[in-house]
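Chemist: protein_17.cif is the file, holding mmCIF, C-alpha atoms:
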data_data
loop_
_atom_site.label_atom_id
_atom_site.label_comp_id
_atom_site.auth_asym_id
_atom_site.auth_seq_id
_atom_site.Cartn_x
_atom_site.Cartn_y
_atom_site.Cartn_z
CA MET A 1 -19.56 63.68 -52.87
CA GLY A 2 -18.24 66.89 -51.34
CA LEU A 3 -14.64 67.45 -50.36
CA ASN A 4 -13.35 66.60 -46.89
CA HIS A 5 -12.55 69.49 -44.57
CA THR A 6 -9.99 69.54 -41.77
CA PRO A 7 -10.89 71.07 -38.37
CA LEU A 8 -8.88 74.15 -39.46
CA PHE A 9 -10.96 74.81 -42.59
CA ALA A 10 -12.70 77.87 -41.08
CA ALA A 11 -9.31 79.24 -39.98
CA HIS A 12 -8.02 78.96 -43.58
CA GLN A 13 -11.09 80.76 -44.94
CA LYS A 14 -10.70 83.51 -42.34
CA LEU A 15 -7.04 83.98 -43.39
CA GLY A 16 -8.10 84.31 -47.05
CA ALA A 17 -6.39 81.13 -48.23
CA LYS A 18 -6.70 80.01 -51.85
CA LEU A 19 -8.22 76.52 -51.54
CA ILE A 20 -7.82 73.52 -53.88
CA ASP A 21 -8.83 69.85 -54.05
CA PHE A 22 -5.90 67.79 -52.75
CA GLY A 23 -6.65 64.06 -52.67
CA GLY A 24 -10.29 64.67 -51.80
CA TRP A 25 -9.52 67.39 -49.22
CA GLU A 26 -10.19 71.10 -49.67
CA MET A 27 -6.81 72.47 -48.58
CA PRO A 28 -4.96 75.80 -48.72
CA VAL A 29 -2.47 75.97 -51.61
CA GLN A 30 -1.31 79.45 -50.51
CA TYR A 31 -2.32 82.41 -48.31
CA THR A 32 -0.18 85.23 -49.75
CA SER A 33 2.32 83.78 -52.24
CA ILE A 34 4.17 80.47 -52.49
CA VAL A 35 7.54 82.26 -52.64
CA GLU A 36 6.82 84.39 -49.56
CA GLU A 37 5.64 81.38 -47.56
CA HIS A 38 8.57 79.24 -48.73
CA LEU A 39 11.14 81.87 -47.73
CA ALA A 40 9.44 82.35 -44.34
CA VAL A 41 10.12 78.65 -43.60
CA ARG A 42 13.73 78.84 -44.81
CA ASN A 43 14.53 82.06 -42.91
CA ALA A 44 12.09 82.18 -39.96
CA ALA A 45 9.04 79.93 -39.50
CA GLY A 46 5.92 78.59 -41.19
CA ILE A 47 2.87 76.68 -39.97
CA PHE A 48 1.04 74.06 -42.05
CA ASP A 49 -2.25 72.22 -41.60
CA ILE A 50 -1.41 68.50 -42.00
CA SER A 51 -4.71 67.18 -40.60
CA HIS A 52 -5.40 65.41 -43.91
CA MET A 53 -2.62 62.91 -43.15
CA GLY A 54 -3.71 59.50 -41.86
CA GLU A 55 -2.94 57.86 -38.51
CA VAL A 56 -2.89 54.11 -37.85
CA THR A 57 -2.20 52.54 -34.46
CA VAL A 58 -0.65 49.07 -34.32
CA SER A 59 -0.57 47.54 -30.86
CA GLY A 60 -0.15 44.29 -28.98
CA ALA A 61 2.60 41.78 -28.19
CA GLY A 62 2.93 40.93 -31.88
CA ALA A 63 3.07 44.56 -33.11
CA ALA A 64 6.87 44.87 -33.49
CA ASP A 65 7.26 41.56 -35.35
CA PHE A 66 4.30 42.37 -37.59
CA LEU A 67 5.62 45.83 -38.48
CA ASN A 68 9.10 44.45 -39.12
CA HIS A 69 7.58 42.00 -41.60
CA THR A 70 5.42 44.69 -43.25
CA LEU A 71 7.79 47.70 -43.39
CA THR A 72 11.29 48.07 -44.87
CA ASN A 73 13.18 49.76 -42.00
CA ASP A 74 14.13 47.90 -38.79
CA ILE A 75 11.47 48.77 -36.21
CA ARG A 76 13.47 46.99 -33.47
CA LYS A 77 15.92 49.92 -33.47
CA LEU A 78 13.25 52.19 -31.96
CA VAL A 79 13.04 52.74 -28.22
CA SER A 80 9.85 54.24 -26.80
CA GLY A 81 9.51 57.83 -28.00
CA GLN A 82 11.48 57.38 -31.23
CA GLY A 83 10.32 57.45 -34.84
CA GLN A 84 11.77 56.43 -38.18
CA TYR A 85 11.05 57.01 -41.85
CA THR A 86 10.10 53.73 -43.52
CA LEU A 87 8.25 52.28 -46.50
CA MET A 88 5.53 49.69 -47.01
CA CYS A 89 6.05 47.54 -50.10
CA ASN A 90 4.09 44.95 -52.05
CA GLU A 91 5.56 41.52 -52.86
CA ARG A 92 7.23 42.96 -55.99
CA GLY A 93 9.06 45.59 -53.92
CA GLY A 94 6.82 48.40 -55.23
CA VAL A 95 5.97 51.13 -52.71
CA ILE A 96 2.43 51.06 -51.31
CA ASP A 97 3.29 54.10 -49.16
CA ASP A 98 6.13 55.92 -47.42
CA LEU A 99 5.42 56.81 -43.82
CA TYR A 100 6.69 57.64 -40.35
CA ALA A 101 6.51 54.93 -37.67
CA TYR A 102 6.72 56.00 -34.01
CA ARG A 103 7.07 53.72 -31.01
CA LEU A 104 4.90 55.29 -28.31
CA SER A 105 5.40 52.54 -25.68
CA ASP A 106 6.52 48.90 -25.49
CA GLU A 107 3.62 47.54 -27.53
CA VAL A 108 2.05 50.61 -29.16
CA TYR A 109 3.13 52.08 -32.51
CA LEU A 110 1.73 55.05 -34.42
CA LEU A 111 2.03 55.21 -38.22
CA ILE A 112 1.61 58.58 -40.00
CA ILE A 113 0.56 57.85 -43.58
CA ASN A 114 -0.18 59.89 -46.71
CA ALA A 115 -3.68 61.36 -47.05
CA SER A 116 -4.27 59.83 -50.50
CA ARG A 117 -3.21 56.37 -49.24
CA VAL A 118 -5.31 55.96 -46.10
CA GLU A 119 -7.78 53.47 -47.62
CA PRO A 120 -5.26 51.29 -49.52
CA ASP A 121 -2.81 51.34 -46.58
CA VAL A 122 -5.40 50.34 -43.99
CA ALA A 123 -6.80 47.61 -46.26
CA TRP A 124 -3.27 46.25 -46.85
CA LEU A 125 -2.28 46.36 -43.17
CA GLN A 126 -5.51 44.71 -42.02
CA SER A 127 -5.33 41.97 -44.69
CA ARG A 128 -1.69 41.25 -43.71
CA ALA A 129 -2.61 41.31 -40.00
CA ALA A 130 -5.33 38.71 -40.60
CA LYS A 131 -2.70 36.36 -42.14
CA PHE A 132 -0.05 37.06 -39.53
CA PRO A 133 0.74 33.90 -37.47
CA ARG A 134 0.25 35.81 -34.19
CA THR A 135 -2.82 37.72 -35.36
CA SER A 136 -4.49 37.36 -31.91
CA GLU A 137 -1.61 39.41 -30.41
CA LEU A 138 -2.13 42.27 -32.78
CA GLN A 139 -4.51 45.14 -33.45
CA ALA A 140 -4.24 47.52 -36.44
CA THR A 141 -6.70 50.42 -36.22
CA ASN A 142 -7.39 53.34 -38.55
CA ALA A 143 -7.40 56.25 -36.08
CA SER A 144 -7.34 59.02 -38.72
CA HIS A 145 -10.78 60.40 -37.76
CA ASN A 146 -9.59 60.85 -34.16
CA TYR A 147 -6.76 63.22 -34.94
CA ALA A 148 -5.84 66.55 -36.51
CA ALA A 149 -2.27 67.82 -36.88
CA VAL A 150 -0.12 70.86 -37.67
CA ALA A 151 3.54 71.21 -38.66
CA VAL A 152 5.51 74.25 -37.55
CA GLN A 153 8.81 74.47 -39.42
CA GLY A 154 11.81 76.76 -39.68
CA PRO A 155 14.98 77.88 -37.88
CA ARG A 156 13.17 80.20 -35.42
CA VAL A 157 10.45 77.76 -34.26
CA LYS A 158 12.51 76.63 -31.26
CA GLU A 159 12.46 80.24 -30.00
CA PHE A 160 8.68 80.35 -29.47
CA ILE A 161 7.13 76.86 -29.43
CA GLY A 162 7.76 76.60 -25.68
CA GLN A 163 5.42 79.56 -25.09
CA CYS A 164 2.55 77.45 -26.46
CA ILE A 165 3.45 73.97 -25.29
CA ALA A 166 4.85 74.46 -21.82
CA GLY A 167 6.11 71.91 -19.29
CA GLY A 168 7.63 68.48 -19.73
CA SER A 169 6.40 65.41 -21.59
CA ASN A 170 4.32 62.81 -19.77
CA CYS A 171 4.77 59.81 -22.09
CA ALA A 172 6.98 58.36 -24.87
CA THR A 173 10.22 60.46 -24.84
CA ARG A 174 10.66 62.05 -21.42
CA ALA A 175 11.73 65.64 -22.03
CA GLY A 176 11.95 68.55 -19.60
CA CYS A 177 10.50 70.85 -22.25
CA VAL A 178 9.37 70.56 -25.87
CA THR A 179 12.65 71.90 -27.30
CA ASP A 180 14.57 69.12 -25.48
CA LEU A 181 13.12 66.67 -28.03
CA LYS A 182 15.79 65.55 -30.49
CA LYS A 183 15.25 64.82 -34.20
CA ASN A 184 12.75 61.96 -34.71
CA GLN A 185 11.71 61.88 -31.04
CA ILE A 186 8.04 62.12 -29.97
CA GLY A 187 6.55 62.98 -26.59
CA GLY A 188 3.14 63.55 -25.02
CA PHE A 189 2.49 67.04 -23.62
CA LEU A 190 -0.39 68.72 -21.83
CA PHE A 191 -1.90 71.62 -23.75
CA ARG A 192 -4.74 73.59 -22.11
CA GLY A 193 -6.09 70.51 -20.38
CA GLY A 194 -5.87 68.25 -23.44
CA ASP A 195 -3.12 65.88 -24.55
CA VAL A 196 -1.04 66.40 -27.69
CA LEU A 197 1.79 64.39 -29.22
CA VAL A 198 4.74 66.47 -30.43
CA SER A 199 7.51 65.10 -32.65
CA ARG A 200 10.66 66.81 -33.90
CA THR A 201 10.10 65.96 -37.55
CA GLY A 202 9.01 67.63 -40.77
CA TYR A 203 8.90 67.64 -44.56
CA THR A 204 10.80 70.85 -45.34
CA GLY A 205 14.47 70.14 -44.58
CA GLU A 206 14.36 72.68 -41.72
CA ASP A 207 14.22 72.07 -37.98
CA GLY A 208 10.64 71.89 -36.74
CA PHE A 209 7.86 70.06 -34.94
CA GLU A 210 4.68 68.21 -35.84
CA ILE A 211 1.81 68.27 -33.33
CA ILE A 212 -1.00 65.70 -33.29
CA GLY A 213 -4.12 65.91 -31.17
CA ARG A 214 -7.91 66.03 -31.04
CA ASP A 215 -9.69 68.53 -33.28
CA ASP A 216 -10.32 71.12 -30.54
CA SER A 217 -6.74 70.95 -29.25
CA ILE A 218 -5.28 71.44 -32.73
CA ARG A 219 -7.55 74.44 -33.42
CA GLN A 220 -6.21 76.02 -30.24
CA VAL A 221 -2.61 75.00 -31.03
CA TRP A 222 -2.90 76.66 -34.46
CA ASP A 223 -4.15 79.93 -32.94
CA ALA A 224 -1.59 79.87 -30.11
CA LEU A 225 1.34 79.24 -32.47
CA LEU A 226 0.23 81.96 -34.92
CA GLU A 227 0.08 84.43 -32.03
CA ALA A 228 3.39 83.40 -30.39
CA GLY A 229 5.23 83.09 -33.70
CA ARG A 230 4.19 86.40 -35.26
CA PRO A 231 7.09 88.42 -33.72
CA PHE A 232 9.49 85.76 -35.08
CA GLY A 233 8.22 86.00 -38.68
CA LEU A 234 5.89 82.97 -38.60
CA LYS A 235 3.53 82.75 -41.57
CA PRO A 236 0.69 80.29 -42.35
CA CYS A 237 1.81 78.21 -45.33
CA GLY A 238 -0.07 76.15 -47.92
CA LEU A 239 0.58 73.07 -50.03
CA GLY A 240 2.40 75.15 -52.66
CA ALA A 241 5.26 76.06 -50.32
CA ARG A 242 5.24 72.55 -48.83
CA ASP A 243 5.89 71.21 -52.34
CA THR A 244 8.69 73.65 -53.26
CA LEU A 245 10.38 73.12 -49.88
CA ARG A 246 10.36 69.32 -50.12
CA THR A 247 11.48 69.38 -53.78
CA GLU A 248 14.53 71.52 -52.89
CA VAL A 249 15.63 68.91 -50.33
CA CYS A 250 14.61 65.97 -52.56
CA TYR A 251 12.01 64.43 -50.25
CA PRO A 252 9.75 62.12 -52.28
CA LEU A 253 6.00 62.63 -52.67
CA TYR A 254 3.78 59.58 -53.10
CA GLY A 255 2.24 59.53 -56.58
CA HIS A 256 5.20 61.51 -57.96
CA GLU A 257 8.49 59.82 -56.99
CA LEU A 258 6.88 56.76 -55.41
CA ASP A 259 4.21 54.31 -56.57
CA GLU A 260 3.44 50.59 -56.59
CA ASN A 261 5.69 50.02 -59.62
CA THR A 262 8.73 51.80 -58.16
CA THR A 263 10.99 50.35 -55.45
CA PRO A 264 12.73 52.21 -52.61
CA LEU A 265 16.12 51.39 -54.18
CA GLU A 266 15.12 52.95 -57.51
CA ALA A 267 13.97 56.03 -55.55
CA GLY A 268 17.37 56.29 -53.79
CA LEU A 269 15.91 55.30 -50.42
CA GLY A 270 18.08 52.24 -49.79
CA PHE A 271 19.16 53.69 -46.43
CA PHE A 272 15.63 52.97 -45.13
CA VAL A 273 15.64 49.32 -46.30
CA ALA A 274 17.09 46.92 -43.70
CA LEU A 275 17.93 43.88 -45.85
CA ASP A 276 19.81 42.36 -42.89
CA LYS A 277 16.82 42.20 -40.51
CA GLY A 278 15.28 38.97 -41.84
CA GLU A 279 12.32 38.32 -44.11
CA PHE A 280 9.89 41.13 -44.96
CA ILE A 281 7.42 41.84 -47.75
CA GLY A 282 9.26 42.83 -50.95
CA ARG A 283 12.67 41.77 -49.63
CA LYS A 284 13.39 39.26 -52.44
CA THR A 285 13.12 41.90 -55.20
CA LEU A 286 14.99 44.50 -53.16
CA ALA A 287 17.86 42.08 -52.40
CA GLU A 288 18.10 41.22 -56.13
CA GLN A 289 18.21 44.92 -57.03
CA LYS A 290 20.88 45.57 -54.39
CA ALA A 291 23.00 42.76 -55.87
CA ASN A 292 22.38 43.36 -59.60
CA GLY A 293 21.48 47.06 -59.81
CA VAL A 294 18.25 48.87 -60.72
CA ARG A 295 16.73 49.65 -64.13
CA LYS A 296 15.98 53.29 -63.31
CA LYS A 297 17.27 55.83 -60.80
CA LEU A 298 15.73 58.95 -59.31
CA VAL A 299 17.95 61.97 -59.98
CA ALA A 300 17.85 65.62 -59.01
CA PHE A 301 18.57 68.24 -61.64
CA THR A 302 18.88 71.99 -62.08
CA MET A 303 18.06 73.92 -65.23
CA ILE A 304 20.91 75.71 -67.04
CA GLY A 305 20.31 79.23 -68.30
CA LYS A 306 16.91 80.84 -68.83
CA SER A 307 13.92 78.54 -69.24
CA PRO A 308 10.42 78.12 -67.80
CA PRO A 309 10.44 75.81 -64.74
CA PRO A 310 10.18 72.05 -65.32
CA ARG A 311 6.90 70.37 -64.32
CA PRO A 312 5.77 66.78 -63.61
CA HIS A 313 5.34 64.57 -66.71
CA TYR A 314 7.74 66.64 -68.86
CA LEU A 315 10.06 64.38 -70.87
CA ILE A 316 13.76 64.00 -70.10
CA TRP A 317 16.09 63.66 -73.12
CA ALA A 318 19.73 62.64 -73.59
CA ASN A 319 21.63 61.78 -76.79
CA ASP A 320 18.54 62.56 -78.90
CA ALA A 321 16.47 59.93 -77.07
CA ASN A 322 13.64 60.21 -74.52
CA VAL A 323 15.26 58.63 -71.44
CA GLY A 324 12.80 59.42 -68.67
CA THR A 325 10.14 61.65 -67.12
CA VAL A 326 10.13 64.50 -64.62
CA THR A 327 8.29 63.47 -61.42
CA SER A 328 8.50 66.84 -59.61
CA GLY A 329 9.60 70.21 -60.96
CA THR A 330 9.36 73.85 -59.92
CA GLN A 331 11.11 77.20 -59.75
CA SER A 332 13.25 77.07 -56.60
CA PRO A 333 12.44 80.12 -54.42
CA SER A 334 15.71 79.63 -52.47
CA LEU A 335 18.00 79.35 -55.51
CA GLY A 336 16.07 81.29 -58.16
CA ILE A 337 16.44 78.52 -60.79
CA GLY A 338 14.34 75.69 -62.21
CA ILE A 339 14.83 72.41 -60.32
CA GLY A 340 13.36 68.94 -60.51
CA LEU A 341 13.40 65.22 -59.82
CA GLY A 342 12.95 62.46 -62.36
CA TYR A 343 13.81 58.90 -63.33
CA VAL A 344 16.58 58.09 -65.82
CA PRO A 345 18.62 54.97 -66.71
CA PRO A 346 21.45 54.35 -64.17
CA ALA A 347 24.09 55.31 -66.77
CA LEU A 348 22.74 58.88 -66.75
CA ALA A 349 22.37 59.22 -62.98
CA LYS A 350 25.84 60.55 -62.12
CA PRO A 351 26.06 64.19 -60.96
CA GLU A 352 27.30 66.57 -63.72
CA THR A 353 25.55 64.48 -66.42
CA GLN A 354 23.97 66.80 -69.00
CA ILE A 355 20.33 66.15 -69.90
CA GLU A 356 17.54 68.12 -71.57
CA ILE A 357 13.99 68.75 -70.40
CA GLU A 358 11.31 69.14 -73.05
CA ILE A 359 9.42 72.27 -72.04
CA ARG A 360 6.62 73.46 -74.34
CA GLY A 361 8.23 71.89 -77.41
CA LYS A 362 11.73 73.21 -76.67
CA TYR A 363 14.71 71.22 -75.36
CA SER A 364 16.08 73.10 -72.35
CA PRO A 365 19.50 72.05 -70.96
CA ALA A 366 19.76 70.76 -67.40
CA LEU A 367 22.39 69.17 -65.19
CA VAL A 368 22.07 66.16 -62.89
CA VAL A 369 23.16 67.29 -59.40
CA LYS A 370 23.91 65.71 -56.04
CA LYS A 371 20.96 65.50 -53.59
CA PRO A 372 19.74 67.57 -51.84
CA ILE A 373 19.51 70.37 -54.41
CA TYR A 374 19.34 72.93 -51.57
CA GLN A 375 21.24 72.48 -48.32
CA PRO A 376 19.45 74.22 -45.42
CA LYS A 377 21.84 76.49 -43.53
CA GLU A 378 22.71 75.75 -39.91
CA LYS A 379 21.04 78.61 -38.02
#
In structure tokens, what does this structure look like?

Modeler:
Amino acid sequence: MGLNHTPLFAAHQKLGAKLIDFGGWEMPVQYTSIVEEHLAVRNAAGIFDISHMGEVTVSGAGAADFLNHTLTNDIRKLVSGQGQYTLMCNERGGVIDDLYAYRLSDEVYLLIINASRVEPDVAWLQSRAAKFPRTSELQATNASHNYAAVAVQGPRVKEFIGQCIAGGSNCATRAGCVTDLKKNQIGGFLFRGGDVLVSRTGYTGEDGFEIIGRDDSIRQVWDALLEAGRPFGLKPCGLGARDTLRTEVCYPLYGHELDENTTPLEAGLGFFVALDKGEFIGRKTLAEQKANGVRKKLVAFTMIGKSPPPRPHYLIWANDANVGTVTSGTQSPSLGIGIGLGYVPPALAKPETQIEIEIRGKYSPALVVKKPIYQPKEK
């Protein structure tokens, strides 16, 4: 079996991207250097191919009740054109996936799910939909093959995105122009005769937009944004910079911080769990953890002094005992130090707690810090 290619694959080759296998997709890890691309996003703008992500539509009169039973956040808080970060858990409270749920209209919702989780997510949603009491009022469809997507992120994006996506929105959030969208809002816009959905969301900690559309539209959006953004310092960015950016702001990555044996509360995502909304899958375990505490906690840490950067699976030590494992680790391009995320017992989770990371047989000192590790500047 060959690797999957996004509609922008030829564009990546033309730009000389270094390509890797990422969850079955041949994706750019970098074009020039991870540090250069990372700093472009923090200081100016970067554009990412996110076409490998999955899209699921859930529609019908029963859609809201079904999603509220299946996801942890309260979907009823969304008006048309709004989105929210949420999680899908199994009965034990373990995370099947973390995702974005958008309400496009009264009875239509769009879920943006992780590339590596499309098959398990769709199978889970469809099996739950079949058992849902109002299953005839509900349709859950894997629409991933219909869409491609790009993310354009950074403090200067708002200065040029309107050159590419002109005019007001025609569905979901009604906005006079694309930069009128507020955080977590989504709207439908016309782009060169085709329709695209644009949301003010991202995975970098910076202001930015994500654009979803048909393959041809997204190819043209990519080219148009590269052209319009060049004078503003826009650079194409790969998965390497995406990973360092999200680690600095402590956004979880499925398969690293999240999996089916880890709950949202252990991952520090309790804000996105609406225990007061009524029954939902995983609620019993999550309510027990809220009342009695968790067995492990996700912490952020920074390395002290000179050491190689921490990496996933490195061991975390405290008081001469192995107390946990690094889930994500890297050299922070913004701060110039080693940073990471990992799980430790709750007693060691307080900021300023000293720990050690085992790096190539040596015990390197580190400090538990408050999240996020890096605070994007207001620009």

Chemist: I need the residue nearest Gly233 in chain A from this list: A:Asn73, A:Gln82, A:Asn43, A:Asn114. Use only C-alpha atoms for the distance.

Modeler: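 Checking each of A:Asn73, A:Gln82, A:Asn43, A:Asn114 against Gly233 in chain A, counting only C-alpha atoms, the winner is A:Asn43.
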
Chemist: Can you list what the PyMOL selection byres ((chain A and resi 355) around 6) grabs from this structure, as a ChimeraX atom specification?

Modeler: /A:317-318,354,356,366-367

Chemist: Would you save the residues from that selection as a PDB file, in the frame of the given file, using C-alpha atoms?

Modeler:
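Output below, filename part32.pdb:
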ATOM      1  CA  TRP A 317      16.090  63.660 -73.120  1.00  0.00           C
ATOM      2  CA  ALA A 318      19.730  62.640 -73.590  1.00  0.00           C
ATOM      3  CA  GLN A 354      23.970  66.800 -69.000  1.00  0.00           C
ATOM      4  CA  GLU A 356      17.540  68.120 -71.570  1.00  0.00           C
ATOM      5  CA  ALA A 366      19.760  70.760 -67.400  1.00  0.00           C
ATOM      6  CA  LEU A 367      22.390  69.170 -65.190  1.00  0.00           C
TER       7      LEU A 367
END

Chemist: Around (9.7, 37.7, -44.4) in the file's frame, which residues reach within 10 Å when counting all atoms listed in the file? Return as a ChimeraX atom specification?

Modeler: /A:66,68-70,277-284

Chemist: Just say which residues the PyMOL selection byres ((chain A and resi 79) around 12) picks in this file, as a list in words.

Modeler: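 With the PyMOL selection byres ((chain A and resi 79) around 12) on this model, the match is Ala64, Asp74, Ile75, Arg76, Lys77, Leu78, Ser80, Gly81, Gln82, Gly83, Gln84, Ala101, Tyr102, Arg103, Leu104, Ser105, Asp106, Glu107, Val108, Tyr109, Ala172, Thr173, Arg174, Asn184, Gln185 and Ile186 of chain A.
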
Chemist: May I have a table of the residues of range 90-181 of chain A lying at most 6 Å from range 48-62 of chain A, giving each one's closest pair of atoms and their distance in Å to one decimal, counting all atoms listed in the file, ordered by chain and ascending residue number, as CSV?

Modeler:
residue,atom,partner,partner_atom,distance
A:Glu107,CA,A:Gly60,CA,5.2
A:Val108,CA,A:Ser59,CA,4.4
A:Tyr109,CA,A:Val58,CA,5.2
A:Leu110,CA,A:Thr57,CA,4.7
A:Leu111,CA,A:Val56,CA,5.1
A:Ile112,CA,A:Glu55,CA,4.8
A:Ile113,CA,A:Gly54,CA,4.9
A:Asn114,CA,A:Met53,CA,5.3
A:Ala115,CA,A:Met53,CA,4.3
A:Val118,CA,A:Gly54,CA,5.8
A:Glu137,CA,A:Gly62,CA,5.0
A:Leu138,CA,A:Gly60,CA,4.7
A:Gln139,CA,A:Ser59,CA,5.3
A:Ala140,CA,A:Val58,CA,4.4
A:Thr141,CA,A:Thr57,CA,5.3
A:Asn142,CA,A:Val56,CA,4.6
A:Ala143,CA,A:Val56,CA,5.3
A:Ser144,CA,A:Glu55,CA,4.6
A:Ala148,CA,A:Ser51,CA,4.3
A:Ala149,CA,A:Ser51,CA,4.5
A:Val150,CA,A:Asp49,CA,4.7
A:Ala151,CA,A:Phe48,CA,5.1

Chemist: Return the single residue from A:Pro252, A:Gly270, A:Gly238, A:Gly293 that is closest to Gly342 in chain A, with distances computed using all atoms listed in the file.

Modeler: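 Smallest distance to Gly342 in chain A is found for A:Pro252.
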
Chemist: Neighbours of Lys371 in chain A within 10 Å (all atoms listed in the file; same-chain residues fewer than 6 positions away dropped), as a list in words?

Modeler: Glu248, Val249, Cys250, Tyr251, Gly268, Val299, Ala300, Phe301, Leu341 and Pro351 of chain A

Chemist: Can you work out which one of A:Leu269, A:Gly205, A:Tyr100, A:His12 has the shortest atom-to-atom distance to Asp243 in chain A, counting all atoms listed in the file?

Modeler: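 Checking each candidate against Asp243 in chain A, we get A:Gly205 as the closest.
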
Chemist: Out of A:Ala287, A:Ala228, A:Val344, A:Val198, which residue has the shortest atom-to-atom distance to Ala267 in chain A when counting only C-alpha atoms?

Modeler: A:Val344

Chemist: Kindly give the distance, in Å, that separates CA of Tyr374 in chain A and CA of Ser334 in chain A, rounded to a single decimal.

Modeler: 7.7 Å

Chemist: Taking all atoms listed in the file into account, name the residue in A:Pro28, A:Pro7, A:Gly305, A:Gly93 that is nearest to Thr262 in chain A.

Modeler: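 Using all atoms listed in the file, the shortest distance to Thr262 in chain A belongs to A:Gly93.
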
Chemist: What do you get, as a PyMOL selection string, if you spell out every residue that the PyMOL selection byres ((chain A and resi 155) around 6) selects here?

Modeler: chain A and resi 44+154+156-157+207

Chemist: Have a look at A:Pro133, A:Pro312, A:Gly202, A:Pro120 and name the one nearest to Met88 in chain A; count all atoms listed in the file.

Modeler: A:Pro120

Chemist: In the coordinates of the file, take the point (16.9, 76.0, -52.0) and a cut-off of 10 Å; then, counting all atoms listed in the file, name each qualifying protein, DNA or RNA residue as JSON, numbers by chain.

Modeler: {"A": [38, 39, 42, 205, 244, 245, 246, 247, 248, 249, 331, 332, 333, 334, 335, 336, 337, 339, 372, 373, 374, 375, 376, 377]}

Chemist: To box range 360-378 of chain A, take all atoms listed in the file, fit an axis-aligned box, add 3 Å on each side, and give centre and edge lengths in Å to one decimal, as AutoDock Vina command-line options.

Modeler:
--center_x 15.3 --center_y 71.0 --center_z -58.7 --size_x 23.3 --size_y 17.0 --size_z 43.5

Chemist: Just the number, please: distance in Å from CA of Ser199 in chain A to CA of Leu181 in chain A, one decimal.

Modeler: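 CA of Leu181 in chain A lies 7.4 Å from CA of Ser199 in chain A.
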
Chemist: Interatomic distance between CA of Asp65 in chain A and CA of Thr135 in chain A?

Modeler: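 Between CA of Asp65 in chain A and CA of Thr135 in chain A the gap is 10.8 Å.
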
Chemist: Do a neighbour search on Leu15 in chain A at 12 Å with only C-alpha atoms, toss out local chain neighbours closer than 6 positions, and write the hits as a PyMOL selection string.

Modeler: chain A and resi 8-9+28+30-32+223+226+235-238

Chemist: As JSON, numbers by chain, please: the residues near Gly255 in chain A (cut-off 12 Å, all atoms listed in the file, same-chain neighbours under 6 positions excluded).

Modeler: {"A": [23, 95, 96, 97, 98, 114, 115, 116, 117, 261, 262, 312, 313, 327, 328]}
